[in-house]
Every structure is written in C-alpha cells, then in structure tokens.
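Undergrad: Sharing a structure, written as structure tokens. Questions coming.
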Amino acid sequence: MADPQTPVLVRHEDAETFATNLLIAAGVPPAPAAITASALVEADLRGVESHGINRLPSYLARMRHGVLDPAASPTLVHLTPAVAQINAHNTLGFPAAALAIDTAVSLASTSGIGLVSVTASNHFGMAAWLVRRAATAGFLSLVFTTASPALAPWGGRVPLLGIAPLACGAPGSPHPFILDMAPSVAARGRIHRALRRGEAIPVGWALDKEGRETEDPAAALDGGVMMPVGGPKGVGLAVMMEVLAGVMTGAGFAGGVVGPGDVSRPAGVGHLVVAMRADLFVSAEEFRERMGVLWGEVVGAERREGVDRIWFPGEREQVCEERRREGGIPYVRGEVEVLNEEARRLGVEGLREMVEGV
Ligand SMILES: NC(=O)c1ccc[n+]([C@@H]2O[C@H](COP(=O)([O-])OP(=O)(O)OC[C@H]3O[C@@H](n4cnc5c(N)ncnc54)[C@H](O)[C@@H]3O)[C@@H](O)[C@H]2O)c1
C-alpha cells in the first residue's frame with residue numbers, strides 16, 4: 001500500500017470539478033456547489049490547506065446525518081437602505097456568505113456602506129475568499145463569523161470561545177490588502193492537518209485537556225484549547241467575534257456553535273459582513289494611489305537581519321496561488337484516499353491526479 005504521506009499533485013481545475021461533482025451528488029444544487037468548490041480550491045491554491053477540499057468529508061457527514069440541508073436556499077430581508085439580514089436555513093455556509101458579501105457590496109454601491117448578517121449558517125472555510133470577492137468588485141470589507149468553542153477565556157483552560165477568522169480586505173495596487181487571521185496562534189484546521197499528515201505541532205500552538213503545552217495534535221484536539229495570539233488581546237478579538245457575529249446577529253455564541261465533528265445537531269453559525277465604497281472620503285483614483293504608496297512603504301521598509309523580503313498581508317498567499325495555478329496543488333496520498341472514498345460512496349469519479357512529465 002502506498003505511503004499515506006506520498007505527495008500527489010492535482011490541477012486546480014480538476015480539484016474544483018471533483019469537489020463540485022461530489023457536492024452535487026450529495027444533493028447540493030449546481031450553483032451553490034460551484035461556489036463552495038471554488039472557495040475550497042481557492043484556499044488550497046493560496047496555501048491555506050487547512051480550509052481546502054479536505055474539509056469536504058466533514059460537510060458531507062453533516063449532510064448524511066441530516067444536520068446540514070444541502071438543498072435549502074438562503075432568504076434575504078432588507079431592514080434599512082444599508083442593512084440586510086439573511087437566514088441560511090442551515091445550508092452550506094459558502095453560498096450564504098457569498099450572498100451576504102454580494103448584497104453588502106450592492107448596498108454599499110448605493111448607500112456607501114452595506115451591513116449584512118447571516119444566521120442558521122455553517123462553516124464558510126477561509127474568510128479571505130469573501131473579502132477578496134469584495135476587493136475584486138472595488139470595495140473594502142470586513143468579515144466576521146462565529147465558530148465552535150476552541151479557545152478559553154484568558155486564564156481559563158476549558159474551550160468556550162470560537163476561533164473564528166477576522167478578515168479585512170481592500171482593493172490595492174499592485175496587490176489587494178487581504179488580512180485573514182484567526183485569533184489563535186494557529187487555526188485549528190492546521191492541527192487537524194498535522195494529525196492527518198502525522199506531524200507534530202510547535203509548542204505554543206495548543207494546550208492539552210490538563211492545561212499543559214503539547215506538541216501532539218491528537219492531545220490538543222482531545223479536550224485541549226488553542227492558544228490566543230497576544231494573550232488576553234487575542235481573547236478580546238475572539239470575544240469581539242462572539243459579539244458581532246453571534247450576539248448581534250441572533251446566532252449562537254459562548255459555546256452555542258456546534259463543532260464540525262459533532263453531527264448530532266445543526267451548527268448554528270452566524271456571520272456579519274460589511275462592505276464600504278473606496279471613494280467615500282477620497283476619490284477612487286486617490287484611494288488607489290494611496291494604497292500603492294502604503295504597499296511600497298510596507299514592503300520597502302528597512303529589513304531586519306536575516307529577512308529576505310517583507311510581505312503585504314495576503315501577498316504571500318497570492319504568490320503561492322500564482323505558483324499553484326501553474327504547477328498544481330500538492331496533497332498527500334492519505335488525503336486523496338479519504339476524498340476518493342467519499343467519491344466511491346457517492347458514485348462520482350475520483351480526484352484526477354497530475355501525471356509527471358505530461
Ligand atoms: N471559518 C472558520 O470558522 C475559520 C476558523 C479559523 C480559521 N479559519 C481560516 O483559517 C485560515 C488560517 O488562519 P491563520 O490565522 O492561521 O492565518 P495565518 O497565520 O497563516 O495568516 C494570518 C494573516 O497574516 C498574514 N501573514 C502571515 N504571514 C505573514 C508575513 N510573513 N508577512 C505579512 N503578512 C503575513 C496573512 O496574509 C494573513 O492575512 C484563514 O484563512 C481563516 O479564515 C476559518
């Protein structure tokens with residue numbers, strides 16, 4: 001049997017077709033299946049493998065257990081000229097979040113700013129795809145979500161707060177500004193990835209259930225907690241996400257969101273997105289010029305010894321994406337086997353691999 005850690009290269013188009021087919025076979029209509037597949041593959045392209053197509057088995061398991069409705073359509077209600085509310089009706093988080101950001105952009109184009117909440121939703125993967133969608137349309141954005149408990153309040157040792165990403169984007173020159181960060185030292189998906197790949201995790205990422213530092217991903221995931229960035233300040237950001245995407249939207253908060261491995265009930269995730277026109281206070285042209293100056297100042301700053309290059313937030317991921325669009329996405333055999341098992345179960349063709357020399 002092949003070593004599960006053997007590298008496997010896959011073209012992004014093939015990964016997207018595979019993911020779309022898998023979702024359609026599981027009962028997701030073609031349009032939301034395509035949105036979801038594209039966002040997952042975008043994460044793999046950008047090097048955020050913790051939120052790529054390897055997430056599909058957990059979504060499919062939720063559908064099989066009847067706690068995620070593959071075919072529901074999110075519904076939207078306009079509350080004010082700049083504010084709208086979406087009920088995702090427990091369908092995939094991706095189409096619900098796409099509707100939210102697109103609506104926020106449309107509200108912002110007429111009102112200057114658009115604010116949209118989403119309740120009864122699910123995991124939407126890597127937040128960057130949403131702020132990028134707004135930046136591509138020429139808008140600044142903020143994206144917040146809730147997530148299942150994984151972080152303790154500062155000084156605590158039991159998971160209570162979600163490690164949900166905080167994302168902010170702006171169109172830029174030559175690169176957009178894409179900040180997408182979990183308030184933990186590492187996203188929990190990276191611990192799952194280390195477990196899948198049989199790797200240790202660095203000290204400082206997580207504590208085990210006894211509150212001790214651990215390098216073992218299994219111990220971290222078995223009742224342990226993730227460590228916040230910047231101590232109590234990281235916890236403060238996690239509480240902010242509970243306030244904005246949970247308390248304010250009407251979705252679950254303070255432990256109210258169900259984790260991906262728990263298939264006993266709907267996840268109850270909430271999102272809050274904001275879009276802003278770039279030309280509110282300066283002209284569009286001046287905004288672009290000023291972003292160019294900011295980028296130049298940041299990446300051109302005097303470097304510390306041993307540092308080859310300074311990056312603008314989101315730029316490393318963009319370079320990774322350009323490379324992987326050309327050369328393929330690297331997975332490992334064990335990951336591909338798990339995905340192909342889902343394909344066999346649903347009667348869908350397996351993930352097509354790149355053949356060396358072709
Ligand atoms: N949907 C969910 O519930 C959920 C929960 C947690 C995390 N996530 C996702 O997990 C992913 C990983 O999160 P993370 O916090 O581990 O990301 P990360 O630490 O890899 O990056 C965080 C941010 O810092 C920037 N950055 C990183 N290194 C840099 C450098 N050397 N110079 C300049 N900027 C740099 C990145 O561009 C990014 O914007 C994100 O895409 C996030 O959306 C999703």
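If you're wondering about the labels, chains in the structure tokens are A, B, ... by order shown, residues count from 1 in each chain, ligands from 1 in order shown.
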Would you tabulate, counting only C-alpha atoms and all ligand atoms, all residues of chain A that have an atom at most 9 Å from an atom of ligand 1, showing the closest pair of atoms and their distance in Å to one decimal, sorted by chain then ascending number, as a tab-separated table?

TA:
```
residue	atom	partner	partner_atom_place_in_ligand_line	distance
A:Ala43	CA	ligand 1	41 (O)	7.1
A:Arg46	CA	ligand 1	41 (O)	9.0
A:Gly47	CA	ligand 1	20 (O)	8.5
A:Val48	CA	ligand 1	11 (C)	5.9
A:Glu49	CA	ligand 1	11 (C)	8.4
A:Ser50	CA	ligand 1	10 (O)	6.6
A:His51	CA	ligand 1	10 (O)	6.2
A:Gly93	CA	ligand 1	1 (N)	8.9
A:Asn122	CA	ligand 1	1 (N)	8.6
A:His123	CA	ligand 1	1 (N)	5.1
A:Phe124	CA	ligand 1	1 (N)	5.0
A:Gly125	CA	ligand 1	1 (N)	4.2
A:Met126	CA	ligand 1	43 (O)	3.7
A:Ala127	CA	ligand 1	43 (O)	3.9
A:Ala128	CA	ligand 1	41 (O)	5.7
A:Trp129	CA	ligand 1	41 (O)	8.3
A:Thr145	CA	ligand 1	3 (O)	6.6
A:Thr146	CA	ligand 1	3 (O)	6.4
A:Ala147	CA	ligand 1	3 (O)	4.8
A:Ser148	CA	ligand 1	3 (O)	7.7
A:Gly162	CA	ligand 1	3 (O)	7.8
A:Ile163	CA	ligand 1	6 (C)	5.2
A:Ala164	CA	ligand 1	5 (C)	4.1
A:Pro165	CA	ligand 1	43 (O)	4.6
A:Leu166	CA	ligand 1	43 (O)	7.1
A:Ala167	CA	ligand 1	43 (O)	7.1
A:Cys168	CA	ligand 1	39 (O)	8.5
A:Phe177	CA	ligand 1	39 (O)	8.3
A:Ile178	CA	ligand 1	39 (O)	5.5
A:Leu179	CA	ligand 1	39 (O)	3.4
A:Asp180	CA	ligand 1	39 (O)	4.0
A:Met181	CA	ligand 1	15 (O)	3.5
A:Ala182	CA	ligand 1	15 (O)	3.7
A:Pro183	CA	ligand 1	15 (O)	6.5
A:Ser184	CA	ligand 1	15 (O)	6.5
A:Val185	CA	ligand 1	15 (O)	6.8
A:Ala186	CA	ligand 1	16 (O)	4.4
A:Ala187	CA	ligand 1	16 (O)	4.3
A:Arg188	CA	ligand 1	6 (C)	6.3
A:Gly189	CA	ligand 1	10 (O)	6.7
A:Arg190	CA	ligand 1	16 (O)	7.2
A:Val269	CA	ligand 1	3 (O)	8.6
A:Arg309	CA	ligand 1	31 (N)	8.6
A:Ile310	CA	ligand 1	32 (N)	6.2
A:Trp311	CA	ligand 1	32 (N)	4.4
A:Phe312	CA	ligand 1	33 (C)	5.1
A:Pro313	CA	ligand 1	34 (N)	3.9
A:Gly314	CA	ligand 1	37 (O)	3.5
A:Glu315	CA	ligand 1	37 (O)	6.1
A:Arg316	CA	ligand 1	37 (O)	6.2
A:Glu317	CA	ligand 1	37 (O)	6.3
A:Gln318	CA	ligand 1	37 (O)	8.7
```

Undergrad: Would you list the contacts of A:Gly327 as a PyMOL selection string, taking every protein, DNA or RNA residue within 12 Å and counting only C-alpha atoms, but skipping same-chain residues closer than 3 positions in sequence?

TA: chain A and resi 8-13+45+320-324+330+354-358

Undergrad: Output the selection as a short mmCIF file (atom, residue, chain, number, x, y, z; two decimals), in the first residue's frame - N, CA and C atoms for each residue.

TA:
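Saved file result13.cif follows:
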```cif
data_model
loop_
_atom_site.label_atom_id
_atom_site.label_comp_id
_atom_site.auth_asym_id
_atom_site.auth_seq_id
_atom_site.Cartn_x
_atom_site.Cartn_y
_atom_site.Cartn_z
N VAL A 8 0.98 14.11 -3.84
CA VAL A 8 0.13 13.96 -5.02
C VAL A 8 -0.17 15.37 -5.54
N LEU A 9 0.06 15.59 -6.83
CA LEU A 9 -0.22 16.91 -7.41
C LEU A 9 -1.54 16.87 -8.18
N VAL A 10 -2.34 17.91 -8.02
CA VAL A 10 -3.65 17.96 -8.69
C VAL A 10 -3.83 19.34 -9.32
N ARG A 11 -4.30 19.38 -10.55
CA ARG A 11 -4.61 20.66 -11.19
C ARG A 11 -5.81 21.28 -10.49
N HIS A 12 -5.78 22.63 -10.35
CA HIS A 12 -6.87 23.27 -9.61
C HIS A 12 -8.21 23.07 -10.31
N GLU A 13 -8.22 23.02 -11.64
CA GLU A 13 -9.49 22.80 -12.36
C GLU A 13 -10.06 21.42 -12.01
N LEU A 45 -5.25 26.68 -3.23
CA LEU A 45 -4.33 27.43 -4.10
C LEU A 45 -3.50 28.41 -3.28
N CYS A 320 1.71 32.24 -3.74
CA CYS A 320 1.51 30.79 -3.67
C CYS A 320 0.45 30.39 -4.70
N GLU A 321 -0.63 31.19 -4.77
CA GLU A 321 -1.71 30.87 -5.71
C GLU A 321 -1.21 30.90 -7.16
N GLU A 322 -0.41 31.92 -7.48
CA GLU A 322 0.09 32.01 -8.86
C GLU A 322 0.92 30.77 -9.20
N ARG A 323 1.75 30.33 -8.22
CA ARG A 323 2.61 29.16 -8.46
C ARG A 323 1.77 27.90 -8.63
N ARG A 324 0.77 27.74 -7.75
CA ARG A 324 -0.04 26.51 -7.79
C ARG A 324 -1.00 26.48 -8.97
N PRO A 330 -0.38 20.65 -4.18
CA PRO A 330 0.16 19.44 -3.55
C PRO A 330 -0.74 18.92 -2.43
N MET A 354 -2.24 14.79 -11.38
CA MET A 354 -1.32 15.16 -12.46
C MET A 354 -0.30 14.05 -12.61
N VAL A 355 0.00 13.72 -13.84
CA VAL A 355 0.99 12.67 -14.07
C VAL A 355 2.29 13.34 -14.47
N GLU A 356 3.37 12.99 -13.76
CA GLU A 356 4.66 13.64 -14.04
C GLU A 356 5.06 13.48 -15.50
N GLY A 357 5.57 14.56 -16.06
CA GLY A 357 6.07 14.50 -17.42
C GLY A 357 4.99 14.72 -18.47
N VAL A 358 3.74 14.88 -18.03
CA VAL A 358 2.65 15.11 -19.00
C VAL A 358 2.31 16.60 -19.03
#
```

Undergrad: Going by DSSP on the backbone, which bits of stretch 118-164 of chain A are alpha helix (DSSP H)? Write them as a PyMOL selection string, please.

TA: chain A and resi 128-136

Undergrad: Wanna dump the stretch 119-191 of chain A-stretch 72-81 of chain A contacts at 12 Å for me, each residue with its shortest atom pair and the distance in Å to one decimal, counting only C-alpha atoms, ordered by chain and number, as CSV?

TA:
```
residue,atom,partner,partner_atom,distance
A:Thr119,CA,A:Pro74,CA,9.6
A:Ala120,CA,A:Pro74,CA,9.3
A:Ser121,CA,A:Pro74,CA,8.9
A:Asn122,CA,A:Pro74,CA,11.6
```

Undergrad: Let me make sure I understand: among A:Ala284, A:Leu272, A:Gly198, A:Leu207, which one has the smallest atom-to-atom distance to A:Asp3 if we use only C-alpha atoms?

TA: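 For A:Asp3, the nearest of the given residues is A:Gly198.
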
Undergrad: May I have a table of the residues of stretch 118-173 of chain A lying at most 6 Å from stretch 220-231 of chain A, giving each one's closest pair of atoms and their distance in Å to one decimal, counting only C-alpha atoms, ordered by chain and ascending residue number, as a Markdown table?

TA:
```
| residue | atom | partner | partner_atom | distance |
| --- | --- | --- | --- | --- |
| A:Ala150 | CA | A:Val225 | CA | 5.4 |
| A:Leu151 | CA | A:Val225 | CA | 5.3 |
| A:Pro159 | CA | A:Val225 | CA | 5.7 |
```

Undergrad: Pick out the residues sitting within 12 Å of stretch 243-245 of chain A, and hand them over as JSON, numbers by chain; count only C-alpha atoms, and ignore anything fewer than 2 positions along from it in its own chain.

TA: {"A": [115, 116, 117, 118, 119, 120, 121, 142, 143, 144, 145, 146, 147, 161, 162, 164, 165, 166, 236, 237, 238, 239, 240, 241, 247, 248, 249, 250, 251, 252, 253, 254, 256, 257, 268, 269, 270, 271, 272, 273, 274]}

Undergrad: Atom CA of A:Tyr331 and atom CA of A:Asp14, how far apart in Å?

TA: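 A separation of 12.9 Å between them.
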
Undergrad: Which is closer to A:Ala104 than all the others in A:Asn87, A:Ser38, A:Thr136, A:Ser141, using only C-alpha atoms?

TA: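 With only C-alpha atoms as the atom set, the closest residue is A:Ser141.
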
Undergrad: Running DSSP on the backbone, which parts of stretch 22-130 of chain A land in strand (DSSP E), as a PyMOL selection string?

TA: chain A and resi 75-80+83-87+113-121

Undergrad: To one decimal place, how far is atom CA of A:Ala61 from atom CA of A:Ser264 in Å?

TA: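 It comes out at 10.8 Å.
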
Undergrad: Using only C-alpha atoms for the distances, tell me which of A:Asp44, A:Glu337, A:Asp279, A:Asp102 is nearest to A:Gln5.

TA: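 Looking only at the distances to A:Gln5, the closest residue turns out to be A:Glu337.
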
Undergrad: Quick one: residues within 9 Å of A:Met63, only C-alpha atoms, excluding same-chain residues fewer than 4 positions away - as a PDB file with N, CA and C atoms, in the first residue's frame?

TA:
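part-v3.pdb, written as the output of this step:
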```pdb
ATOM      1  N   ALA A  26     -24.239  14.818  -3.550  1.00  0.00           N
ATOM      2  CA  ALA A  26     -24.762  14.775  -2.178  1.00  0.00           C
ATOM      3  C   ALA A  26     -26.055  15.575  -2.043  1.00  0.00           C
ATOM      4  N   GLY A  27     -26.512  16.177  -3.157  1.00  0.00           N
ATOM      5  CA  GLY A  27     -27.809  16.868  -3.105  1.00  0.00           C
ATOM      6  C   GLY A  27     -27.728  18.385  -3.129  1.00  0.00           C
ATOM      7  N   SER A  58     -16.153  16.384   6.144  1.00  0.00           N
ATOM      8  CA  SER A  58     -16.910  16.816   7.337  1.00  0.00           C
ATOM      9  C   SER A  58     -18.245  17.445   6.930  1.00  0.00           C
ATOM     10  N   TYR A  59     -18.289  18.175   5.805  1.00  0.00           N
ATOM     11  CA  TYR A  59     -19.571  18.745   5.355  1.00  0.00           C
ATOM     12  C   TYR A  59     -20.515  17.622   4.903  1.00  0.00           C
ATOM     13  N   VAL A  67     -28.034  17.032   9.522  1.00  0.00           N
ATOM     14  CA  VAL A  67     -27.891  18.254  10.332  1.00  0.00           C
ATOM     15  C   VAL A  67     -27.372  19.434   9.503  1.00  0.00           C
ATOM     16  N   LEU A  68     -27.250  19.223   8.173  1.00  0.00           N
ATOM     17  CA  LEU A  68     -26.919  20.305   7.233  1.00  0.00           C
ATOM     18  C   LEU A  68     -27.785  20.046   6.003  1.00  0.00           C
ATOM     19  N   ASP A  69     -28.578  21.052   5.616  1.00  0.00           N
ATOM     20  CA  ASP A  69     -29.507  20.853   4.496  1.00  0.00           C
ATOM     21  C   ASP A  69     -28.810  21.256   3.193  1.00  0.00           C
ATOM     22  N   PRO A  70     -28.471  20.275   2.336  1.00  0.00           N
ATOM     23  CA  PRO A  70     -27.712  20.623   1.127  1.00  0.00           C
ATOM     24  C   PRO A  70     -28.500  21.484   0.153  1.00  0.00           C
ATOM     25  N   VAL A 263     -22.152  15.577  14.867  1.00  0.00           N
ATOM     26  CA  VAL A 263     -23.208  15.512  13.850  1.00  0.00           C
ATOM     27  C   VAL A 263     -24.584  15.306  14.497  1.00  0.00           C
TER      28      VAL A 263
END
```

Undergrad: For each of A:Ala98, A:Ala278, A:Ala84, A:Leu107, take the minimum atom-to-atom distance to A:Ala34, counting only C-alpha atoms, then give the residue where this is smallest.

TA: A:Ala98

Undergrad: I'd like the interatomic distance between atom CA of A:Ser109 and atom CA of A:Val282, to a tenth of an Å.

TA: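 It comes out at 15.3 Å.
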
Undergrad: Could you tell me which of A:Val83, A:Leu351, A:Val319, A:Ala152 comes closest to A:Gly234 if we count only C-alpha atoms?

TA: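 The answer is A:Ala152, which sits nearest to A:Gly234.
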
Undergrad: Counting only C-alpha atoms, which residue out of A:Gly112, A:Gly156, A:Pro4, A:Pro95 sits closest to A:Ala37?

TA: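 Under the stated criterion, the closest residue is A:Pro95.
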
Undergrad: Using only C-alpha atoms, which residues sit within 10 Å of stretch 343-347 of chain A once same-chain residues fewer than 6 positions away are excluded, as a PyMOL selection string?

TA: chain A and resi 18-19+21-26+57+337

Undergrad: For the residues selected in the previous step, produce a file with all heavy atoms as a PDB file, in the first residue's frame.

TA:
```pdb
ATOM      1  N   PHE A  18     -13.960  18.003  -9.245  1.00  0.00           N
ATOM      2  CA  PHE A  18     -14.184  16.896  -8.307  1.00  0.00           C
ATOM      3  C   PHE A  18     -15.083  17.355  -7.148  1.00  0.00           C
ATOM      4  O   PHE A  18     -16.075  16.701  -6.813  1.00  0.00           O
ATOM      5  CB  PHE A  18     -12.823  16.415  -7.779  1.00  0.00           C
ATOM      6  CG  PHE A  18     -12.919  15.421  -6.666  1.00  0.00           C
ATOM      7  CD1 PHE A  18     -13.184  14.080  -6.930  1.00  0.00           C
ATOM      8  CD2 PHE A  18     -12.738  15.810  -5.347  1.00  0.00           C
ATOM      9  CE1 PHE A  18     -13.283  13.153  -5.900  1.00  0.00           C
ATOM     10  CE2 PHE A  18     -12.833  14.889  -4.308  1.00  0.00           C
ATOM     11  CZ  PHE A  18     -13.099  13.560  -4.589  1.00  0.00           C
ATOM     12  N   ALA A  19     -14.720  18.507  -6.550  1.00  0.00           N
ATOM     13  CA  ALA A  19     -15.480  18.999  -5.393  1.00  0.00           C
ATOM     14  C   ALA A  19     -16.916  19.330  -5.802  1.00  0.00           C
ATOM     15  O   ALA A  19     -17.871  19.008  -5.071  1.00  0.00           O
ATOM     16  CB  ALA A  19     -14.794  20.227  -4.805  1.00  0.00           C
ATOM     17  N   ASN A  21     -18.681  18.015  -8.293  1.00  0.00           N
ATOM     18  CA  ASN A  21     -19.416  16.768  -8.555  1.00  0.00           C
ATOM     19  C   ASN A  21     -19.818  16.062  -7.258  1.00  0.00           C
ATOM     20  O   ASN A  21     -20.923  15.533  -7.134  1.00  0.00           O
ATOM     21  CB  ASN A  21     -18.563  15.813  -9.403  1.00  0.00           C
ATOM     22  CG  ASN A  21     -18.414  16.343 -10.823  1.00  0.00           C
ATOM     23  OD1 ASN A  21     -19.158  17.219 -11.244  1.00  0.00           O
ATOM     24  ND2 ASN A  21     -17.436  15.819 -11.554  1.00  0.00           N
ATOM     25  N   LEU A  22     -18.884  16.076  -6.299  1.00  0.00           N
ATOM     26  CA  LEU A  22     -19.152  15.431  -5.008  1.00  0.00           C
ATOM     27  C   LEU A  22     -20.347  16.102  -4.321  1.00  0.00           C
ATOM     28  O   LEU A  22     -21.264  15.443  -3.817  1.00  0.00           O
ATOM     29  CB  LEU A  22     -17.892  15.588  -4.140  1.00  0.00           C
ATOM     30  CG  LEU A  22     -17.489  14.479  -3.194  1.00  0.00           C
ATOM     31  CD1 LEU A  22     -17.419  13.140  -3.899  1.00  0.00           C
ATOM     32  CD2 LEU A  22     -16.128  14.804  -2.571  1.00  0.00           C
ATOM     33  N   LEU A  23     -20.343  17.441  -4.332  1.00  0.00           N
ATOM     34  CA  LEU A  23     -21.416  18.177  -3.655  1.00  0.00           C
ATOM     35  C   LEU A  23     -22.750  17.975  -4.372  1.00  0.00           C
ATOM     36  O   LEU A  23     -23.784  17.788  -3.727  1.00  0.00           O
ATOM     37  CB  LEU A  23     -21.056  19.678  -3.583  1.00  0.00           C
ATOM     38  CG  LEU A  23     -19.914  19.997  -2.605  1.00  0.00           C
ATOM     39  CD1 LEU A  23     -19.341  21.382  -2.861  1.00  0.00           C
ATOM     40  CD2 LEU A  23     -20.404  19.893  -1.155  1.00  0.00           C
ATOM     41  N   ILE A  24     -22.717  17.985  -5.703  1.00  0.00           N
ATOM     42  CA  ILE A  24     -23.967  17.792  -6.458  1.00  0.00           C
ATOM     43  C   ILE A  24     -24.524  16.392  -6.172  1.00  0.00           C
ATOM     44  O   ILE A  24     -25.720  16.217  -5.931  1.00  0.00           O
ATOM     45  CB  ILE A  24     -23.747  18.030  -7.968  1.00  0.00           C
ATOM     46  CG1 ILE A  24     -23.472  19.522  -8.214  1.00  0.00           C
ATOM     47  CG2 ILE A  24     -24.950  17.560  -8.785  1.00  0.00           C
ATOM     48  CD1 ILE A  24     -23.110  19.881  -9.651  1.00  0.00           C
ATOM     49  N   ALA A  25     -23.625  15.404  -6.130  1.00  0.00           N
ATOM     50  CA  ALA A  25     -24.071  14.029  -5.850  1.00  0.00           C
ATOM     51  C   ALA A  25     -24.669  13.915  -4.453  1.00  0.00           C
ATOM     52  O   ALA A  25     -25.510  13.049  -4.189  1.00  0.00           O
ATOM     53  CB  ALA A  25     -22.900  13.066  -6.012  1.00  0.00           C
ATOM     54  N   ALA A  26     -24.239  14.818  -3.550  1.00  0.00           N
ATOM     55  CA  ALA A  26     -24.762  14.775  -2.178  1.00  0.00           C
ATOM     56  C   ALA A  26     -26.055  15.575  -2.043  1.00  0.00           C
ATOM     57  O   ALA A  26     -26.599  15.686  -0.934  1.00  0.00           O
ATOM     58  CB  ALA A  26     -23.706  15.310  -1.214  1.00  0.00           C
ATOM     59  N   PRO A  57     -15.229  15.997   3.482  1.00  0.00           N
ATOM     60  CA  PRO A  57     -15.818  14.878   4.235  1.00  0.00           C
ATOM     61  C   PRO A  57     -16.614  15.329   5.461  1.00  0.00           C
ATOM     62  O   PRO A  57     -17.661  14.749   5.767  1.00  0.00           O
ATOM     63  CB  PRO A  57     -14.589  14.045   4.645  1.00  0.00           C
ATOM     64  CG  PRO A  57     -13.593  14.331   3.547  1.00  0.00           C
ATOM     65  CD  PRO A  57     -13.799  15.780   3.202  1.00  0.00           C
ATOM     66  N   GLU A 337      -6.989   9.638  -0.654  1.00  0.00           N
ATOM     67  CA  GLU A 337      -7.738   8.397  -0.412  1.00  0.00           C
ATOM     68  C   GLU A 337      -9.050   8.678   0.319  1.00  0.00           C
ATOM     69  O   GLU A 337     -10.100   8.120  -0.011  1.00  0.00           O
ATOM     70  CB  GLU A 337      -6.883   7.409   0.399  1.00  0.00           C
ATOM     71  CG  GLU A 337      -6.055   6.501  -0.484  1.00  0.00           C
ATOM     72  CD  GLU A 337      -6.882   5.917  -1.636  1.00  0.00           C
ATOM     73  OE1 GLU A 337      -7.929   5.295  -1.353  1.00  0.00           O
ATOM     74  OE2 GLU A 337      -6.511   6.108  -2.811  1.00  0.00           O
TER      75      GLU A 337
END
```
